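S.K.: Would you mind keeping the following structure in view while I ask a few things?
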Protein chains: 2
Amino acid sequence: MSTGLLTINLGALVANWQALDAMSDSQTETAAVVKANGYGLGAPSVGRSLAKAGARTFFVAVAQEGAILRTALGSGPTINVFSGHMAGDTNVIRDADLVPMINSVDQMLRHVEALPGAPFGLQLDTGMNRLGMEPSEWSALRDIALAQNPTVLMSHLACADEPDHPMNAHQLNSFREMTEGLDIPRSLAATGGTLMGDDYHFDMTRPGIGLYGGLPFAEGRSVISLDIPVIQLRDVAVGETVGYGNAWTAQRPTVVATISAGYADGLIRALGAGATLYAGEQHVPVIGRVSMDLITVDVTDLAQPPETLQLLGQYQSVDKVAGFADTIGYEILTSLGNRYTRNYIE
Amino acid sequence: MSTGLLTINLGALVANWQALDAMSDSQTETAAVVKANGYGLGAPSVGRSLAKAGARTFFVAVAQEGAILRTALGSGPTINVFSGHMAGDTNVIRDADLVPMINSVDQMLRHVEALPGAPFGLQLDTGMNRLGMEPSEWSALRDIALAQNPTVLMSHLACADEPDHPMNAHQLNSFREMTEGLDIPRSLAATGGTLMGDDYHFDMTRPGIGLYGGLPFAEGRSVISLDIPVIQLRDVAVGETVGYGNAWTAQRPTVVATISAGYADGLIRALGAGATLYAGEQHVPVIGRVSMDLITVDVTDLAQPPETLQLLGQYQSVDKVAGFADTIGYEILTSLGNRYTRNYIE
């Protein structure tokens with residue numbers, strides 16, 4: 001094996017879905033967000049495992065993702081598309097039996113003209129100003145839209161990673177104002193909202209990041225590990241430099257391991273100084289710059305020469321690795337590269 | 001189309017290869033580095049175009065990439081593997097007729113034991129301390145290795161993006177000392193080294209980034225454009241916020257376009273404030289945080305509502321976009337996402 005081994009624990013993924021499902025009462029359905037190829041872990045495998053565990057509704061970002069997921073799941077589960085019905089999407093929506101979350105009057109017109117009678121949901125903007133109908137747009141369209149029996153009314157929280165942020169209550173109130181008294185299922189909460197309790201659950205929660213072992217679901221199980229093979233070891237003398245731009249200089253006689261992964265594998269270049277990997281239980285520091293296909297690591301303190309080093313796993317979460325690069329766990333997940341061997345375990 | 005359209009100009013790519021080829025004399029072969037899936041642009045398509053234009057030698061990072069490229073190219077072209085012969089690589093190297101660049105005594109032993117008589121090259125470390133044999137290792141192994149007729153002796157420059165860096169001359173001298181008088185083809189220069197002139201060319205140059213329109217080959221043609229569809233437009237009032245964490249607040253009545261791409265498509269999260277896209281010739285600023293599948297853009301100043309916005313193209317190079325995120329063009333290229341529709345033109 002000359003590239004990293006990405007092990008994906010589908011059992012842990014299912015356990016996370018079940019734990020998030022248990023946070024809402026039995027009237028609330030728990031859907032699953034599998035956009036961005038299942039947050040980088042493979043939407044077909046992730047989707048099949050969750051469907052087997054009982055998930056009946058899935059969310060993807062764009063229609064093409066929905067078509068791939070439909071092939072994996074077969075008929076039955078509902079597949080909702082956040083970007084709604086965009087120009088050029090009609091055939092895919094029809095053929096893969098997708099449910100667009102309509103974001104605007106333009107999308108509404110496109111959908112009912114192209115696919116009269118086909119199901120759709122409605123995405124409402126409650127303050128994030130990113131996707132969904134504005135309150136004024138919604139007021140104008142509401143009666144027409146409701147006459148078409150939308151499957152769901154949904155919105156999205158901008159600050160759910162910070163439970164105390166006043167934006168959450170503001171969006172909750174807006175969502176209630178826009179949807180109260182309508183006899184249509186409602187959904188507001190992704191992972192963060194699910195954790196904020198009953199007020200946010202409505203008829204459907206739709207966790208994403210929490211399924212995959214990322215914050216803000218701190219109690220979630222770790223889902224992935226990433227082990228990267230060592231290509232070679234070398235002794236570097238005091239004063240010698242390592243890597244591009246001579247960015248690192250040895251302050252002591254150093255054993256350097258060059259491992260077979262780099263920023264082309266999603267180990268983003270902003271990692272580097274301060275980042276660590278693990279050899280068993282022992283951490284070892286990255287040195288020098290992350291290259292396209294290679295990373296150099298100081299393994300001087302290890303008793304045994306390592307054959308692989310672990311970046312992600314029981315000792316280091318996606319969020320910890322994200323911290324090294326001043327980003328968030330979501331980006332580490334969705335950047336996981338195509339060259340890794342993906343090994344799915346139950 | 002509900003995701004970005006990535007247009008890859010194979011004619012420009014070939015022109016860049018030819019321009020780099022013309023910088024060295026006719027005794028020097030010009031190879032092509034197509035690792036990391038052809039720097040994100042698709043190694044099979046890139047490789048076939050360059051082979052058709054006359055490239056006879058290709059470099060990949062790992063054996064698995066070589067196998068994919070061999071399928072695309074068929075028999076004939078030489079495919080060299082920078083990571084050499086790693087544990088587990090033997091069958092792939094044999095079946096795909098790859099030439100490992102042997103990096104260590106361990107790899108040398110593995111190769112000659114597993115595949116006696118099979119071709120290999122030798123990678124020497126001239127100071128980067130990342131891949132290749134150390135001078136002392138090389139001294140010990142040299143006579144044995146040379147008796148096996150290696151195809152090439154190669155090394156890699158750590159600071160070739162900075163032509164005046166003293167490391168370049170230091171590595172050049174080391175390479176000469178380690179290889180002078182041996183009757184084996186030699187290769188030291190990637191794109192940066194190719195630009196530094198005859199002294200660095202030896203028997204083979206092997207440009208990578210310069211083929212794909214990236215610095216330091218400033219005269220290279222632009223190879224890609226990326227056009228991202230607008231999902232919806234909205235009016236945002238003064239004082240309203242946009243995106244996660246309420247990171248952006250409108251200072252004027254603003255028209256916001258939400259476009260269908262985000263960090264899961266390789267538009268790394270460190271883009272954001274300061275980044276721009278283009279509507280025709282007019283630039284428009286990114287506002288708020290880059291989300292997983294979405295980016296918000298201030299399009300207030302456009303006369304017409306845009307259907308798509310361009311991130312990469314004639315007005316904005318990969319290096320310019322890299323600058324928005326404090327990284328390098330290489331990372332922008334190799335991060336280009338799987339969801340884009342890839343359109344190859346000649």
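The chains in the structure tokens are called A, B, ... from first to last as shown; in each chain the residues are counted from 1, and the ligands are counted from 1 in the order shown.
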Near stretch 209-218 of chain B, within 10 Å and counting only C-alpha atoms, which residues show up once chain neighbours fewer than 6 positions away are dropped, as JSON, numbers by chain?
M.R.: {"B": [8, 9, 10, 12, 13, 14, 15, 16, 17, 18, 19, 20, 32, 33, 34, 38, 39, 40, 41, 46, 50, 160, 161, 162, 163, 190, 191, 192, 193, 194, 195, 224, 317, 318, 319, 320, 328, 329, 330, 332, 333]}
S.K.: With C-alpha atoms kept, could you save the residues just selected as a CSV table (one decimal), in the first residue's frame?
M.R.:
```csv
chain,number,residue,atom,x,y,z
B,8,ILE,CA,-9.8,22.4,-19.2
B,9,ASN,CA,-8.0,23.7,-22.2
B,10,LEU,CA,-5.8,20.8,-23.3
B,12,ALA,CA,-3.1,25.5,-23.7
B,13,LEU,CA,-1.7,22.6,-21.7
B,14,VAL,CA,0.2,21.2,-24.7
B,15,ALA,CA,1.4,24.7,-25.6
B,16,ASN,CA,2.8,25.1,-22.1
B,17,TRP,CA,4.6,21.8,-22.4
B,18,GLN,CA,6.0,22.8,-25.8
B,19,ALA,CA,7.1,26.2,-24.5
B,20,LEU,CA,8.9,24.6,-21.6
B,32,ALA,CA,5.7,15.7,-17.8
B,33,VAL,CA,4.6,15.4,-14.1
B,34,VAL,CA,1.0,14.3,-13.9
B,38,GLY,CA,-2.7,15.6,-13.3
B,39,TYR,CA,-2.7,18.4,-10.7
B,40,GLY,CA,-6.4,18.0,-10.3
B,41,LEU,CA,-7.2,18.2,-14.0
B,46,VAL,CA,-3.8,15.3,-19.6
B,50,LEU,CA,0.8,15.3,-23.8
B,160,ALA,CA,13.4,26.6,-7.3
B,161,ASP,CA,10.6,29.0,-7.0
B,162,GLU,CA,13.2,31.5,-5.8
B,163,PRO,CA,15.9,31.5,-8.5
B,190,ALA,CA,11.0,20.6,-12.4
B,191,THR,CA,9.3,23.8,-13.7
B,192,GLY,CA,11.4,26.1,-11.6
B,193,GLY,CA,14.6,24.4,-12.5
B,194,THR,CA,13.7,24.4,-16.2
B,195,LEU,CA,13.3,28.2,-16.0
B,224,ILE,CA,-8.6,26.3,-16.7
B,317,SER,CA,-5.4,32.8,-12.3
B,318,VAL,CA,-5.0,29.9,-9.9
B,319,ASP,CA,-2.2,31.9,-8.2
B,320,LYS,CA,-4.4,35.0,-7.7
B,328,ILE,CA,-0.1,28.5,-3.5
B,329,GLY,CA,-1.6,27.8,-6.9
B,330,TYR,CA,-0.7,24.2,-6.6
B,332,ILE,CA,-6.0,25.4,-5.6
B,333,LEU,CA,-5.4,23.1,-8.6
```
S.K.: Check every residue of chain A for an atom within 8 Å of chain B, counting only C-alpha atoms, and provide those that qualify as a ChimeraX atom specification.
M.R.: /A:1-3,36,61-64,83,86-89,103-104,127-131,134,158-159,231-232,234,236,240-246,258,260,263-264,266,268-270,292-293,296,327,330-331,334-335
S.K.: Save the residues we just selected, N, CA and C atoms, as a tab-separated table (two decimals), in the first residue's frame?
M.R.:
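As a result, again_32.tsv now contains:
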```tsv
chain	number	residue	atom	x	y	z
A	1	MET	N	0.86	-1.20	0.00
A	1	MET	CA	0.00	0.00	0.00
A	1	MET	C	0.88	1.24	0.00
A	2	SER	N	0.75	2.07	-1.01
A	2	SER	CA	1.62	3.23	-1.06
A	2	SER	C	0.87	4.54	-0.84
A	3	THR	N	-0.41	4.46	-0.48
A	3	THR	CA	-1.14	5.68	-0.09
A	3	THR	C	-1.81	5.41	1.25
A	36	ALA	N	-22.02	16.44	-0.14
A	36	ALA	CA	-20.56	16.44	-0.28
A	36	ALA	C	-20.02	15.01	-0.15
A	61	ALA	N	-26.78	18.20	-1.43
A	61	ALA	CA	-26.65	19.62	-1.80
A	61	ALA	C	-27.21	19.90	-3.18
A	62	VAL	N	-26.90	19.02	-4.14
A	62	VAL	CA	-27.26	19.27	-5.53
A	62	VAL	C	-27.86	18.02	-6.16
A	63	ALA	N	-28.58	18.22	-7.25
A	63	ALA	CA	-29.33	17.12	-7.86
A	63	ALA	C	-28.42	15.97	-8.29
A	64	GLN	N	-27.24	16.28	-8.82
A	64	GLN	CA	-26.35	15.19	-9.25
A	64	GLN	C	-26.01	14.26	-8.09
A	83	SER	N	-30.27	22.66	-2.82
A	83	SER	CA	-30.17	23.75	-3.80
A	83	SER	C	-31.44	23.90	-4.64
A	86	MET	N	-32.70	23.82	-9.87
A	86	MET	CA	-31.91	24.78	-10.64
A	86	MET	C	-32.12	24.54	-12.14
A	87	ALA	N	-31.74	25.54	-12.92
A	87	ALA	CA	-31.84	25.39	-14.38
A	87	ALA	C	-31.04	24.16	-14.80
A	88	GLY	N	-31.62	23.30	-15.59
A	88	GLY	CA	-30.93	22.10	-16.05
A	88	GLY	C	-31.15	20.88	-15.17
A	89	ASP	N	-31.82	21.04	-14.04
A	89	ASP	CA	-31.99	19.93	-13.09
A	89	ASP	C	-33.21	19.04	-13.37
A	103	ASN	N	-36.18	27.31	-3.29
A	103	ASN	CA	-35.56	28.43	-2.59
A	103	ASN	C	-36.09	29.80	-2.98
A	104	SER	N	-36.85	29.89	-4.06
A	104	SER	CA	-37.22	31.20	-4.58
A	104	SER	C	-38.44	31.06	-5.47
A	127	GLY	N	-32.97	34.36	8.35
A	127	GLY	CA	-31.97	35.34	8.77
A	127	GLY	C	-30.55	35.05	8.32
A	128	MET	N	-30.30	33.85	7.81
A	128	MET	CA	-28.94	33.53	7.39
A	128	MET	C	-28.60	34.17	6.05
A	129	ASN	N	-29.66	34.47	5.27
A	129	ASN	CA	-29.46	35.15	3.99
A	129	ASN	C	-28.56	34.39	3.04
A	130	ARG	N	-28.77	33.09	2.96
A	130	ARG	CA	-27.94	32.27	2.09
A	130	ARG	C	-28.80	31.47	1.12
A	131	LEU	N	-29.69	30.66	1.63
A	131	LEU	CA	-30.66	29.95	0.80
A	131	LEU	C	-32.06	30.18	1.38
A	134	GLU	N	-37.19	34.74	1.33
A	134	GLU	CA	-37.31	35.82	2.30
A	134	GLU	C	-38.76	35.86	2.82
A	158	ALA	N	-27.83	29.78	11.42
A	158	ALA	CA	-26.50	30.31	11.07
A	158	ALA	C	-25.49	30.16	12.21
A	159	CYS	N	-25.97	30.01	13.43
A	159	CYS	CA	-25.06	30.07	14.59
A	159	CYS	C	-25.29	28.91	15.56
A	231	ILE	N	7.42	6.33	3.58
A	231	ILE	CA	8.19	5.97	2.39
A	231	ILE	C	9.64	5.68	2.76
A	232	GLN	N	10.22	6.57	3.57
A	232	GLN	CA	11.59	6.32	3.97
A	232	GLN	C	11.92	7.14	5.22
A	234	ARG	N	15.29	9.04	7.33
A	234	ARG	CA	16.65	9.52	7.12
A	234	ARG	C	17.15	10.23	8.37
A	236	VAL	N	19.06	13.38	9.81
A	236	VAL	CA	19.35	14.76	9.42
A	236	VAL	C	20.20	15.38	10.51
A	240	GLU	N	20.96	21.13	9.17
A	240	GLU	CA	20.39	20.81	7.85
A	240	GLU	C	18.92	21.22	7.81
A	241	THR	N	18.45	21.47	6.58
A	241	THR	CA	17.07	21.91	6.41
A	241	THR	C	16.23	20.80	5.78
A	242	VAL	N	14.93	20.90	5.92
A	242	VAL	CA	14.01	19.90	5.39
A	242	VAL	C	12.89	20.59	4.62
A	243	GLY	N	12.65	20.12	3.40
A	243	GLY	CA	11.44	20.51	2.66
A	243	GLY	C	11.58	21.78	1.85
A	244	TYR	N	10.46	22.16	1.23
A	244	TYR	CA	10.42	23.34	0.37
A	244	TYR	C	10.77	24.60	1.16
A	245	GLY	N	11.51	25.47	0.47
A	245	GLY	CA	11.85	26.75	1.06
A	245	GLY	C	12.76	26.64	2.26
A	246	ASN	N	13.36	25.46	2.45
A	246	ASN	CA	14.22	25.23	3.63
A	246	ASN	C	13.51	25.67	4.91
A	258	THR	N	9.45	10.46	5.88
A	258	THR	CA	8.66	11.07	4.80
A	258	THR	C	7.47	10.15	4.54
A	260	SER	N	3.52	9.25	2.81
A	260	SER	CA	2.93	9.31	1.48
A	260	SER	C	1.53	9.92	1.48
A	263	TYR	N	-1.02	17.74	0.52
A	263	TYR	CA	-2.23	18.56	0.36
A	263	TYR	C	-3.10	18.10	-0.80
A	264	ALA	N	-2.53	17.38	-1.76
A	264	ALA	CA	-3.39	16.82	-2.81
A	264	ALA	C	-4.30	15.72	-2.27
A	266	GLY	N	-5.87	16.26	0.58
A	266	GLY	CA	-6.74	16.99	1.48
A	266	GLY	C	-6.12	17.33	2.82
A	268	ILE	N	-4.55	19.77	4.22
A	268	ILE	CA	-4.39	21.09	3.66
A	268	ILE	C	-3.08	21.72	4.11
A	269	ARG	N	-2.61	22.56	3.21
A	269	ARG	CA	-1.27	23.10	3.33
A	269	ARG	C	-1.09	23.92	4.60
A	270	ALA	N	-2.21	24.44	5.12
A	270	ALA	CA	-2.12	25.24	6.34
A	270	ALA	C	-1.80	24.38	7.56
A	292	MET	N	2.76	18.48	-1.93
A	292	MET	CA	1.59	17.97	-2.63
A	292	MET	C	1.28	16.52	-2.27
A	293	ASP	N	2.33	15.69	-2.20
A	293	ASP	CA	2.13	14.25	-2.02
A	293	ASP	C	2.86	13.71	-0.80
A	296	THR	N	6.74	15.54	5.94
A	296	THR	CA	7.91	15.11	6.71
A	296	THR	C	7.62	15.25	8.20
A	327	THR	N	-8.92	25.71	10.82
A	327	THR	CA	-10.20	25.55	10.13
A	327	THR	C	-11.11	24.69	11.00
A	330	TYR	N	-15.36	20.00	9.57
A	330	TYR	CA	-16.10	19.81	8.33
A	330	TYR	C	-15.16	19.85	7.11
A	331	GLU	N	-14.23	20.80	7.13
A	331	GLU	CA	-13.35	20.94	5.96
A	331	GLU	C	-12.34	19.79	5.89
A	334	THR	N	-14.45	16.84	4.38
A	334	THR	CA	-14.84	16.94	2.97
A	334	THR	C	-13.65	17.07	2.03
A	335	SER	N	-12.45	17.28	2.59
A	335	SER	CA	-11.25	17.36	1.76
A	335	SER	C	-10.53	16.02	1.63
```
S.K.: Tell me, in Å to one decimal, how far atom CA of A:Asp227 is from atom CA of A:Ala275.
M.R.: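 For atom CA of A:Asp227 relative to atom CA of A:Ala275, the distance reads 15.1 Å.
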S.K.: Kindly give the distance, in Å, that separates atom CA of B:Ala279 and atom CA of B:Val255, rounded to a single decimal.
M.R.: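 Those two atoms sit 13.9 Å apart.
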S.K.: Within stretch 130-254 of chain B, find each residue whose DSSP state, derived from the backbone, is helix (DSSP H, G or I), and express the selection as a PDB file with C-alpha atoms, in the first residue's frame.
M.R.:
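And here is the file that came out, states_24.pdb:
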```pdb
ATOM      1  CA  PRO B 135      25.170  11.030  -0.134  1.00  0.00           C
ATOM      2  CA  SER B 136      26.526   8.505   2.379  1.00  0.00           C
ATOM      3  CA  GLU B 137      23.880   5.932   1.445  1.00  0.00           C
ATOM      4  CA  TRP B 138      24.583   6.560  -2.208  1.00  0.00           C
ATOM      5  CA  SER B 139      28.338   6.087  -1.749  1.00  0.00           C
ATOM      6  CA  ALA B 140      27.763   2.719  -0.171  1.00  0.00           C
ATOM      7  CA  LEU B 141      25.238   1.516  -2.725  1.00  0.00           C
ATOM      8  CA  ARG B 142      26.452   3.179  -5.874  1.00  0.00           C
ATOM      9  CA  ASP B 143      28.488   0.438  -7.506  1.00  0.00           C
ATOM     10  CA  ILE B 144      25.851  -2.205  -6.845  1.00  0.00           C
ATOM     11  CA  ALA B 145      23.092   0.063  -8.126  1.00  0.00           C
ATOM     12  CA  LEU B 146      24.962   1.095 -11.263  1.00  0.00           C
ATOM     13  CA  PRO B 166      21.628  29.927  -2.598  1.00  0.00           C
ATOM     14  CA  MET B 167      20.072  26.494  -2.042  1.00  0.00           C
ATOM     15  CA  ASN B 168      19.743  26.080  -5.822  1.00  0.00           C
ATOM     16  CA  ALA B 169      23.463  26.294  -6.530  1.00  0.00           C
ATOM     17  CA  HIS B 170      24.165  24.165  -3.478  1.00  0.00           C
ATOM     18  CA  GLN B 171      21.873  21.409  -4.719  1.00  0.00           C
ATOM     19  CA  LEU B 172      23.228  21.693  -8.251  1.00  0.00           C
ATOM     20  CA  ASN B 173      26.749  21.165  -6.961  1.00  0.00           C
ATOM     21  CA  SER B 174      25.699  18.244  -4.797  1.00  0.00           C
ATOM     22  CA  PHE B 175      23.908  16.636  -7.725  1.00  0.00           C
ATOM     23  CA  ARG B 176      26.988  17.023  -9.906  1.00  0.00           C
ATOM     24  CA  GLU B 177      29.229  15.575  -7.229  1.00  0.00           C
ATOM     25  CA  MET B 178      26.970  12.572  -6.755  1.00  0.00           C
ATOM     26  CA  THR B 179      26.493  11.847 -10.460  1.00  0.00           C
ATOM     27  CA  THR B 191       9.315  23.763 -13.701  1.00  0.00           C
ATOM     28  CA  GLY B 192      11.404  26.136 -11.582  1.00  0.00           C
ATOM     29  CA  GLY B 193      14.640  24.410 -12.513  1.00  0.00           C
ATOM     30  CA  THR B 194      13.671  24.415 -16.194  1.00  0.00           C
ATOM     31  CA  LEU B 195      13.313  28.208 -16.011  1.00  0.00           C
ATOM     32  CA  ASP B 198      20.958  25.115 -19.061  1.00  0.00           C
ATOM     33  CA  ASP B 199      22.956  24.294 -15.962  1.00  0.00           C
ATOM     34  CA  TYR B 200      19.902  22.724 -14.426  1.00  0.00           C
ATOM     35  CA  ILE B 209       2.970  23.150 -12.334  1.00  0.00           C
ATOM     36  CA  GLY B 210       4.072  25.067 -15.436  1.00  0.00           C
ATOM     37  CA  LEU B 211       2.044  22.739 -17.651  1.00  0.00           C
ATOM     38  CA  TYR B 212      -1.104  23.661 -15.759  1.00  0.00           C
ATOM     39  CA  TYR B 244     -22.472  31.251   9.277  1.00  0.00           C
ATOM     40  CA  GLY B 245     -21.608  33.027  12.484  1.00  0.00           C
ATOM     41  CA  ASN B 246     -23.249  36.200  11.140  1.00  0.00           C
TER      42      ASN B 246
END
```
S.K.: Among the residues of stretch 9-192 of chain B, find those DSSP assigns to strand (DSSP E) from the backbone and print them as a ChimeraX atom specification.
M.R.: /B:9,29-30,32-33,57-60,78-81,99-102,121-123,153-154,186-187
S.K.: So that I can check the surroundings of A:Arg186, please list as an MDAnalysis selection string every protein, DNA and RNA residue that reaches within 6 Å of it, counting only C-alpha atoms and ignoring chain neighbours fewer than 3 positions away.
M.R.: chainID A and resid 152:154 202:203
S.K.: May I have the residues from that selection written out with C-alpha atoms, as a PDB file, in the first residue's frame?
M.R.:
```
ATOM      1  CA  VAL A 152     -41.690  20.014   4.203  1.00  0.00           C
ATOM      2  CA  LEU A 153     -41.029  23.604   5.286  1.00  0.00           C
ATOM      3  CA  MET A 154     -37.424  24.028   6.302  1.00  0.00           C
ATOM      4  CA  PHE A 202     -40.227  20.347  15.058  1.00  0.00           C
ATOM      5  CA  ASP A 203     -41.186  17.377  12.851  1.00  0.00           C
TER       6      ASP A 203
END
```
S.K.: I need the residue nearest A:Pro150 from this list: A:Met108, A:Ala22, A:Leu5, A:Ala114. Use only C-alpha atoms for the distance.
M.R.: A:Met108
S.K.: Using Å and a single decimal, report how far atom CA of A:Ala31 sits from atom CA of B:Val290.
M.R.: 24.4 Å
S.K.: Would you mind telling me which residue in B:Gln282, B:Ser24, B:Thr300, B:Ser225 lies nearest to B:Leu312 when using only C-alpha atoms?
M.R.: B:Ser225
